[in-house]
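Asks: Below you'll find protein31.cif; it's mmCIF, C-alpha atoms and all ligand atoms; chains and numbers go by the auth columns.
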```cif
data_protein
#
loop_
_atom_site.group_PDB
_atom_site.id
_atom_site.type_symbol
_atom_site.label_atom_id
_atom_site.label_comp_id
_atom_site.label_asym_id
_atom_site.label_seq_id
_atom_site.Cartn_x
_atom_site.Cartn_y
_atom_site.Cartn_z
_atom_site.B_iso_or_equiv
_atom_site.auth_seq_id
_atom_site.auth_asym_id
ATOM 1 C CA MET A 1 -214.927 -137.308 -128.678 0.00 1 A
ATOM 2 C CA ILE A 2 -213.423 -135.276 -131.523 0.00 2 A
ATOM 3 C CA ASN A 3 -210.315 -133.379 -130.579 0.00 3 A
ATOM 4 C CA ALA A 4 -207.209 -131.933 -132.183 0.00 4 A
ATOM 5 C CA ARG A 5 -204.004 -130.310 -131.062 0.00 5 A
ATOM 6 C CA ILE A 6 -203.689 -126.636 -131.933 0.00 6 A
ATOM 7 C CA PHE A 7 -200.444 -124.696 -131.524 0.00 7 A
ATOM 8 C CA GLY A 8 -201.625 -121.205 -132.385 0.00 8 A
ATOM 9 C CA ILE A 9 -204.677 -118.977 -132.561 0.00 9 A
ATOM 10 C CA SER A 10 -204.140 -115.552 -134.071 0.00 10 A
ATOM 11 C CA ARG A 11 -207.015 -113.031 -133.977 0.00 11 A
ATOM 12 C CA HIS A 12 -207.875 -109.890 -135.914 0.00 12 A
ATOM 13 C CA ARG A 13 -206.016 -110.667 -139.105 0.00 13 A
ATOM 14 C CA LEU A 14 -207.003 -108.408 -141.976 0.00 14 A
ATOM 15 C CA THR A 15 -206.860 -109.658 -145.585 0.00 15 A
ATOM 16 C CA THR A 16 -203.758 -111.818 -144.945 0.00 16 A
ATOM 17 C CA ASP A 17 -205.596 -115.120 -145.148 0.00 17 A
ATOM 18 C CA GLY A 18 -209.023 -114.431 -146.515 0.00 18 A
ATOM 19 C CA GLU A 19 -211.562 -111.672 -146.884 0.00 19 A
ATOM 20 C CA GLY A 20 -212.464 -109.475 -143.904 0.00 20 A
ATOM 21 C CA VAL A 21 -211.377 -110.093 -140.337 0.00 21 A
ATOM 22 C CA THR A 22 -210.125 -113.624 -139.759 0.00 22 A
ATOM 23 C CA THR A 23 -208.824 -115.741 -136.944 0.00 23 A
ATOM 24 C CA LEU A 24 -206.064 -118.147 -137.947 0.00 24 A
ATOM 25 C CA VAL A 25 -206.188 -121.514 -136.173 0.00 25 A
ATOM 26 C CA ALA A 26 -203.020 -123.615 -136.604 0.00 26 A
ATOM 27 C CA PHE A 27 -203.202 -127.398 -136.192 0.00 27 A
ATOM 28 C CA ASN A 28 -200.260 -129.605 -135.295 0.00 28 A
ATOM 29 C CA GLY A 29 -199.266 -132.285 -137.769 0.00 29 A
ATOM 30 C CA CYS A 30 -198.016 -132.030 -141.337 0.00 30 A
ATOM 31 C CA PRO A 31 -197.109 -134.721 -143.885 0.00 31 A
ATOM 32 C CA LEU A 32 -194.398 -132.500 -145.426 0.00 32 A
ATOM 33 C CA ARG A 33 -190.982 -131.382 -144.218 0.00 33 A
ATOM 34 C CA CYS A 34 -190.377 -128.151 -146.122 0.00 34 A
ATOM 35 C CA LYS A 35 -186.845 -126.840 -145.865 0.00 35 A
ATOM 36 C CA TYR A 36 -187.901 -123.279 -145.012 0.00 36 A
ATOM 37 C CA CYS A 37 -191.006 -124.127 -142.960 0.00 37 A
ATOM 38 C CA LEU A 38 -192.013 -121.185 -140.760 0.00 38 A
ATOM 39 C CA ASN A 39 -194.205 -123.397 -138.552 0.00 39 A
ATOM 40 C CA LYS A 40 -191.881 -126.172 -137.437 0.00 40 A
ATOM 41 C CA THR A 41 -193.777 -126.203 -134.151 0.00 41 A
ATOM 42 C CA SER A 42 -196.421 -128.090 -136.119 0.00 42 A
ATOM 43 C CA TRP A 43 -193.940 -130.978 -136.466 0.00 43 A
ATOM 44 C CA GLU A 44 -193.732 -131.438 -132.701 0.00 44 A
ATOM 45 C CA PRO A 45 -196.701 -133.457 -131.435 0.00 45 A
ATOM 46 C CA GLU A 46 -196.151 -132.438 -127.813 0.00 46 A
ATOM 47 C CA LYS A 47 -196.474 -128.709 -128.532 0.00 47 A
ATOM 48 C CA GLY A 48 -199.817 -126.908 -128.372 0.00 48 A
ATOM 49 C CA ARG A 49 -203.077 -127.578 -126.610 0.00 49 A
ATOM 50 C CA ASP A 50 -205.916 -130.024 -127.183 0.00 50 A
ATOM 51 C CA TYR A 51 -209.233 -128.558 -128.283 0.00 51 A
ATOM 52 C CA THR A 52 -212.611 -129.991 -129.127 0.00 52 A
ATOM 53 C CA PRO A 53 -214.671 -128.212 -131.791 0.00 53 A
ATOM 54 C CA GLU A 54 -216.793 -126.883 -128.901 0.00 54 A
ATOM 55 C CA THR A 55 -213.901 -125.434 -126.881 0.00 55 A
ATOM 56 C CA LEU A 56 -212.439 -123.830 -129.995 0.00 56 A
ATOM 57 C CA PHE A 57 -215.801 -122.336 -130.949 0.00 57 A
ATOM 58 C CA GLU A 58 -216.240 -120.909 -127.433 0.00 58 A
ATOM 59 C CA GLU A 59 -212.829 -119.239 -127.691 0.00 59 A
ATOM 60 C CA VAL A 60 -213.078 -117.783 -131.212 0.00 60 A
ATOM 61 C CA LYS A 61 -216.713 -116.685 -131.162 0.00 61 A
ATOM 62 C CA ILE A 62 -215.653 -113.536 -129.287 0.00 62 A
ATOM 63 C CA ASP A 63 -215.004 -112.081 -132.782 0.00 63 A
ATOM 64 C CA GLN A 64 -218.303 -113.165 -134.294 0.00 64 A
ATOM 65 C CA LEU A 65 -219.491 -109.570 -134.816 0.00 65 A
ATOM 66 C CA TYR A 66 -216.335 -108.745 -136.782 0.00 66 A
ATOM 67 C CA PHE A 67 -216.671 -111.898 -138.859 0.00 67 A
ATOM 68 C CA LEU A 68 -220.272 -111.179 -139.770 0.00 68 A
ATOM 69 C CA ALA A 69 -219.693 -107.469 -140.482 0.00 69 A
ATOM 70 C CA THR A 70 -216.671 -108.047 -142.753 0.00 70 A
ATOM 71 C CA HIS A 71 -217.470 -111.398 -144.389 0.00 71 A
ATOM 72 C CA GLY A 72 -214.609 -112.929 -142.451 0.00 72 A
ATOM 73 C CA GLY A 73 -214.295 -115.970 -140.259 0.00 73 A
ATOM 74 C CA VAL A 74 -211.815 -118.682 -139.415 0.00 74 A
ATOM 75 C CA THR A 75 -208.884 -119.812 -141.523 0.00 75 A
ATOM 76 C CA PHE A 76 -207.578 -123.228 -140.577 0.00 76 A
ATOM 77 C CA GLY A 77 -203.835 -123.645 -141.154 0.00 77 A
ATOM 78 C CA GLY A 78 -200.990 -125.505 -139.549 0.00 78 A
ATOM 79 C CA GLY A 79 -199.487 -127.877 -140.116 0.00 79 A
ATOM 80 C CA GLU A 80 -202.006 -129.415 -142.455 0.00 80 A
ATOM 81 C CA PRO A 81 -205.662 -128.597 -141.691 0.00 81 A
ATOM 82 C CA LEU A 82 -207.154 -130.986 -144.246 0.00 82 A
ATOM 83 C CA LEU A 83 -206.048 -133.869 -142.022 0.00 83 A
ATOM 84 C CA GLN A 84 -208.663 -132.669 -139.481 0.00 84 A
ATOM 85 C CA VAL A 85 -211.816 -133.608 -141.378 0.00 85 A
ATOM 86 C CA GLU A 86 -214.090 -134.533 -138.463 0.00 86 A
ATOM 87 C CA PHE A 87 -212.988 -131.556 -136.391 0.00 87 A
ATOM 88 C CA ILE A 88 -213.686 -129.008 -139.145 0.00 88 A
ATOM 89 C CA LYS A 89 -217.027 -130.620 -140.023 0.00 89 A
ATOM 90 C CA ALA A 90 -218.124 -130.417 -136.397 0.00 90 A
ATOM 91 C CA PHE A 91 -216.879 -126.831 -136.117 0.00 91 A
ATOM 92 C CA ARG A 92 -218.952 -125.803 -139.139 0.00 92 A
ATOM 93 C CA VAL A 93 -222.084 -127.186 -137.474 0.00 93 A
ATOM 94 C CA LEU A 94 -221.323 -125.027 -134.417 0.00 94 A
ATOM 95 C CA CYS A 95 -220.509 -121.768 -136.233 0.00 95 A
ATOM 96 C CA GLY A 96 -223.250 -122.056 -138.852 0.00 96 A
ATOM 97 C CA PRO A 97 -223.132 -121.099 -142.525 0.00 97 A
ATOM 98 C CA GLN A 98 -222.370 -117.371 -142.158 0.00 98 A
ATOM 99 C CA TRP A 99 -218.739 -117.554 -141.083 0.00 99 A
ATOM 100 C CA GLN A 100 -216.241 -117.915 -143.896 0.00 100 A
ATOM 101 C CA ILE A 101 -214.192 -121.041 -143.262 0.00 101 A
ATOM 102 C CA LEU A 102 -210.997 -121.294 -145.295 0.00 102 A
ATOM 103 C CA ALA A 103 -208.129 -123.778 -145.336 0.00 103 A
ATOM 104 C CA GLU A 104 -204.481 -122.857 -145.853 0.00 104 A
ATOM 105 C CA THR A 105 -203.248 -126.164 -147.199 0.00 105 A
ATOM 106 C CA SER A 106 -200.541 -127.933 -149.182 0.00 106 A
ATOM 107 C CA LEU A 107 -203.282 -130.208 -150.602 0.00 107 A
ATOM 108 C CA ASN A 108 -200.890 -133.140 -150.158 0.00 108 A
ATOM 109 C CA VAL A 109 -203.523 -135.281 -148.412 0.00 109 A
ATOM 110 C CA PRO A 110 -205.652 -138.284 -149.459 0.00 110 A
ATOM 111 C CA PHE A 111 -208.419 -137.374 -151.928 0.00 111 A
ATOM 112 C CA GLU A 112 -211.203 -138.558 -149.564 0.00 112 A
ATOM 113 C CA LYS A 113 -210.340 -135.776 -147.136 0.00 113 A
ATOM 114 C CA VAL A 114 -210.494 -133.099 -149.844 0.00 114 A
ATOM 115 C CA GLU A 115 -213.782 -134.471 -151.156 0.00 115 A
ATOM 116 C CA THR A 116 -215.396 -134.623 -147.706 0.00 116 A
ATOM 117 C CA LEU A 117 -214.353 -131.140 -146.653 0.00 117 A
ATOM 118 C CA ASP A 118 -215.205 -129.379 -149.908 0.00 118 A
ATOM 119 C CA SER A 119 -218.866 -129.036 -148.951 0.00 119 A
ATOM 120 C CA VAL A 120 -217.819 -127.525 -145.590 0.00 120 A
ATOM 121 C CA LEU A 121 -215.174 -125.016 -146.732 0.00 121 A
ATOM 122 C CA ASP A 122 -215.742 -121.659 -148.430 0.00 122 A
ATOM 123 C CA GLY A 123 -212.293 -121.387 -149.939 0.00 123 A
ATOM 124 C CA TYR A 124 -208.685 -122.485 -150.133 0.00 124 A
ATOM 125 C CA ILE A 125 -205.263 -120.889 -149.987 0.00 125 A
ATOM 126 C CA ILE A 126 -203.036 -123.543 -151.531 0.00 126 A
ATOM 127 C CA ASP A 127 -199.266 -123.404 -151.158 0.00 127 A
ATOM 128 C CA ILE A 128 -198.268 -125.261 -154.308 0.00 128 A
ATOM 129 C CA LYS A 129 -194.457 -124.949 -153.654 0.00 129 A
ATOM 130 C CA ASP A 130 -193.379 -125.704 -157.260 0.00 130 A
ATOM 131 C CA MET A 131 -195.224 -127.681 -159.944 0.00 131 A
ATOM 132 C CA ASN A 132 -191.997 -129.393 -161.034 0.00 132 A
ATOM 133 C CA PRO A 133 -192.035 -132.787 -159.208 0.00 133 A
ATOM 134 C CA GLU A 134 -188.263 -132.820 -158.689 0.00 134 A
ATOM 135 C CA ILE A 135 -188.140 -129.328 -157.162 0.00 135 A
ATOM 136 C CA TYR A 136 -191.172 -130.176 -155.039 0.00 136 A
ATOM 137 C CA LYS A 137 -189.539 -133.357 -153.751 0.00 137 A
ATOM 138 C CA ASP A 138 -186.253 -131.621 -153.023 0.00 138 A
ATOM 139 C CA TYR A 139 -188.093 -128.982 -151.041 0.00 139 A
ATOM 140 C CA THR A 140 -190.735 -131.032 -149.183 0.00 140 A
ATOM 141 C CA GLY A 141 -189.411 -134.598 -149.194 0.00 141 A
ATOM 142 C CA LYS A 142 -192.639 -135.784 -150.867 0.00 142 A
ATOM 143 C CA ASP A 143 -194.139 -136.366 -154.293 0.00 143 A
ATOM 144 C CA ASN A 144 -196.642 -133.818 -155.659 0.00 144 A
ATOM 145 C CA ALA A 145 -198.876 -136.145 -157.730 0.00 145 A
ATOM 146 C CA LEU A 146 -201.605 -136.038 -155.066 0.00 146 A
ATOM 147 C CA VAL A 147 -201.450 -132.230 -154.908 0.00 147 A
ATOM 148 C CA ILE A 148 -202.051 -131.933 -158.639 0.00 148 A
ATOM 149 C CA SER A 149 -204.868 -134.496 -158.799 0.00 149 A
ATOM 150 C CA ASN A 150 -206.589 -132.915 -155.773 0.00 150 A
ATOM 151 C CA LEU A 151 -206.290 -129.451 -157.336 0.00 151 A
ATOM 152 C CA GLU A 152 -207.682 -130.708 -160.658 0.00 152 A
ATOM 153 C CA TRP A 153 -210.677 -132.144 -158.800 0.00 153 A
ATOM 154 C CA LEU A 154 -211.282 -128.941 -156.811 0.00 154 A
ATOM 155 C CA LEU A 155 -211.178 -126.834 -159.977 0.00 155 A
ATOM 156 C CA LYS A 156 -213.783 -129.059 -161.635 0.00 156 A
ATOM 157 C CA SER A 157 -216.044 -129.518 -158.634 0.00 157 A
ATOM 158 C CA GLY A 158 -216.774 -125.844 -157.833 0.00 158 A
ATOM 159 C CA ASP A 159 -216.063 -122.187 -158.522 0.00 159 A
ATOM 160 C CA PRO A 160 -212.327 -121.737 -159.290 0.00 160 A
ATOM 161 C CA ASN A 161 -212.556 -118.303 -157.662 0.00 161 A
ATOM 162 C CA ARG A 162 -212.778 -119.952 -154.241 0.00 162 A
ATOM 163 C CA ILE A 163 -209.136 -120.996 -154.713 0.00 163 A
ATOM 164 C CA ILE A 164 -205.962 -118.911 -154.367 0.00 164 A
ATOM 165 C CA VAL A 165 -202.755 -120.717 -155.303 0.00 165 A
ATOM 166 C CA ARG A 166 -199.560 -119.402 -153.780 0.00 166 A
ATOM 167 C CA VAL A 167 -196.434 -119.780 -155.936 0.00 167 A
ATOM 168 C CA PRO A 168 -193.303 -119.077 -153.911 0.00 168 A
ATOM 169 C CA HIS A 169 -189.787 -118.270 -154.918 0.00 169 A
ATOM 170 C CA ILE A 170 -187.845 -120.912 -152.994 0.00 170 A
ATOM 171 C CA PRO A 171 -184.259 -119.748 -152.459 0.00 171 A
ATOM 172 C CA GLU A 172 -181.689 -122.078 -154.036 0.00 172 A
ATOM 173 C CA LEU A 173 -184.394 -124.395 -155.375 0.00 173 A
ATOM 174 C CA ASN A 174 -186.428 -122.619 -158.044 0.00 174 A
ATOM 175 C CA THR A 175 -185.764 -119.835 -160.532 0.00 175 A
ATOM 176 C CA ASP A 176 -187.962 -117.172 -162.131 0.00 176 A
ATOM 177 C CA GLU A 177 -188.249 -119.511 -165.111 0.00 177 A
ATOM 178 C CA ASP A 178 -189.424 -122.377 -162.860 0.00 178 A
ATOM 179 C CA MET A 179 -192.031 -120.064 -161.317 0.00 179 A
ATOM 180 C CA LYS A 180 -193.235 -119.069 -164.762 0.00 180 A
ATOM 181 C CA CYS A 181 -193.571 -122.764 -165.706 0.00 181 A
ATOM 182 C CA SER A 182 -195.631 -123.345 -162.542 0.00 182 A
ATOM 183 C CA LYS A 183 -197.884 -120.349 -163.297 0.00 183 A
ATOM 184 C CA ASP A 184 -198.387 -121.414 -166.934 0.00 184 A
ATOM 185 C CA GLN A 185 -199.298 -124.948 -165.844 0.00 185 A
ATOM 186 C CA LEU A 186 -201.717 -123.637 -163.221 0.00 186 A
ATOM 187 C CA ALA A 187 -203.381 -121.282 -165.699 0.00 187 A
ATOM 188 C CA ALA A 188 -203.798 -124.171 -168.166 0.00 188 A
ATOM 189 C CA MET A 189 -205.524 -126.159 -165.396 0.00 189 A
ATOM 190 C CA GLY A 190 -208.003 -123.320 -164.819 0.00 190 A
ATOM 191 C CA VAL A 191 -206.533 -121.587 -161.748 0.00 191 A
ATOM 192 C CA LYS A 192 -207.799 -117.977 -161.653 0.00 192 A
ATOM 193 C CA ASN A 193 -205.983 -116.509 -158.647 0.00 193 A
ATOM 194 C CA VAL A 194 -202.232 -116.789 -158.160 0.00 194 A
ATOM 195 C CA ASP A 195 -200.260 -115.142 -155.385 0.00 195 A
ATOM 196 C CA GLU A 196 -196.486 -114.968 -155.907 0.00 196 A
ATOM 197 C CA PHE A 197 -194.198 -114.412 -152.963 0.00 197 A
ATOM 198 C CA ASN A 198 -190.703 -115.038 -151.577 0.00 198 A
ATOM 199 C CA TYR A 199 -189.934 -117.501 -148.841 0.00 199 A
ATOM 200 C CA ILE A 200 -187.890 -115.834 -146.139 0.00 200 A
ATOM 201 C CA ILE A 201 -184.956 -117.838 -144.787 0.00 201 A
ATOM 202 C CA ARG A 202 -184.607 -117.502 -141.029 0.00 202 A
HETATM 203 S S1 LIG B . -196.574 -127.668 -145.578 0.00 1 B
HETATM 204 FE FE1 LIG B . -196.408 -125.820 -144.326 0.00 1 B
HETATM 205 S S2 LIG B . -196.389 -126.538 -142.185 0.00 1 B
HETATM 206 FE FE2 LIG B . -195.975 -128.312 -143.507 0.00 1 B
HETATM 207 S S3 LIG B . -193.735 -128.462 -143.563 0.00 1 B
HETATM 208 FE FE3 LIG B . -194.392 -127.263 -145.361 0.00 1 B
HETATM 209 S S4 LIG B . -194.309 -125.110 -144.734 0.00 1 B
HETATM 210 FE FE4 LIG B . -194.257 -126.386 -142.860 0.00 1 B
#
```
When written as structure tokens, how does the structure in this file appear?
Ligand code: SF4
Replies:
Amino acid sequence: MINARIFGISRHRLTTDGEGVTTLVAFNGCPLRCKYCLNKTSWEPEKGRDYTPETLFEEVKIDQLYFLATHGGVTFGGGEPLLQVEFIKAFRVLCGPQWQILAETSLNVPFEKVETLDSVLDGYIIDIKDMNPEIYKDYTGKDNALVISNLEWLLKSGDPNRIIVRVPHIPELNTDEDMKCSKDQLAAMGVKNVDEFNYIIR
């Protein structure tokens, strides 16, 4: 049986993570350890509740009319949703092709997962952190080579407009100049949509 642990379901979100009305579904489990992570609950395996694709679909389909009327749907976040390949594939079969299914991801996952899910997902919101490998490692504890190669593949394999890349200002770790370098590099790769923002320290 396919199941996954989910620590949050947030309904009736408007234009924060995708077009139209969306429901954000947050999976436990993340390969990164970002210094200013707002979802540290995702690091704790015991937190949350186990769902199957069927039990999740039963719970979120209450908003089906909103999804269909506004071109919205479900945004999978976390944690790292691209680790949940079988779950998301099975969920797509249940919800059908009309719901928009997006992933809010760091893209720091094995290529096979990105490749498998690309035919299932309608779009991506990618938190790139910083394109500079040293800043990225200082912030997340991991290398960003996989992020960049996965992004290159996604840009070549489909419409670049299905991808939004978020470029944050990371307090104490990157400067305006670093952010500009990231944006220039992303533009040279073919990224069309960039969303700049500030991480908030809690
Ligand atoms: S990728 Fe997201 S969930 Fe994972 S540690 Fe970083 S901020 Fe937290």
Asks: So, with all atoms listed in the file as the atoms that count, which of A:Leu154, A:Ser182, A:Gly48, A:Leu14 lies closest to His169 of chain A?
Replies: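 That would be A:Ser182, the residue with the smallest distance to His169 of chain A.
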Asks: Please provide the set of residues having any atom within 9 Å of Asp127 of chain A, restricted to all atoms listed in the file, with same-chain residues fewer than 2 positions apart removed, written as a ChimeraX atom specification.
Replies: /A:104-107,125,129-130,164-168
Asks: Select the residues contacting ligand LIG 1 (chain B) at a distance of at most 6 Å, based on only C-alpha atoms and all ligand atoms, then format the selection as a ChimeraX atom specification.
Replies: /A:30,32-34,37,39-40,78-79,106
Asks: Please measure the separation of atom CA of Pro171 of chain A and atom CA of Tyr136 of chain A, giving the value in Å to one decimal.
Replies: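 Taking atom CA of Pro171 of chain A and atom CA of Tyr136 of chain A, their separation equals 12.8 Å.
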Asks: Could you expand the PyMOL selection byres (((chain A and resi 118) around 12) and not hetatm) into the explicit residues it covers here, written as a VMD selection string?
Replies: chain A and resid 82 85 88 to 89 92 101 to 103 107 111 to 117 119 to 124 150 to 151 153 to 159 162 to 163
Asks: Looking at A:Asn28, A:Thr41, A:Thr22, A:Asn144, which one is nearest to Leu83 of chain A, with distances taken over all atoms listed in the file?
Replies: A:Asn28
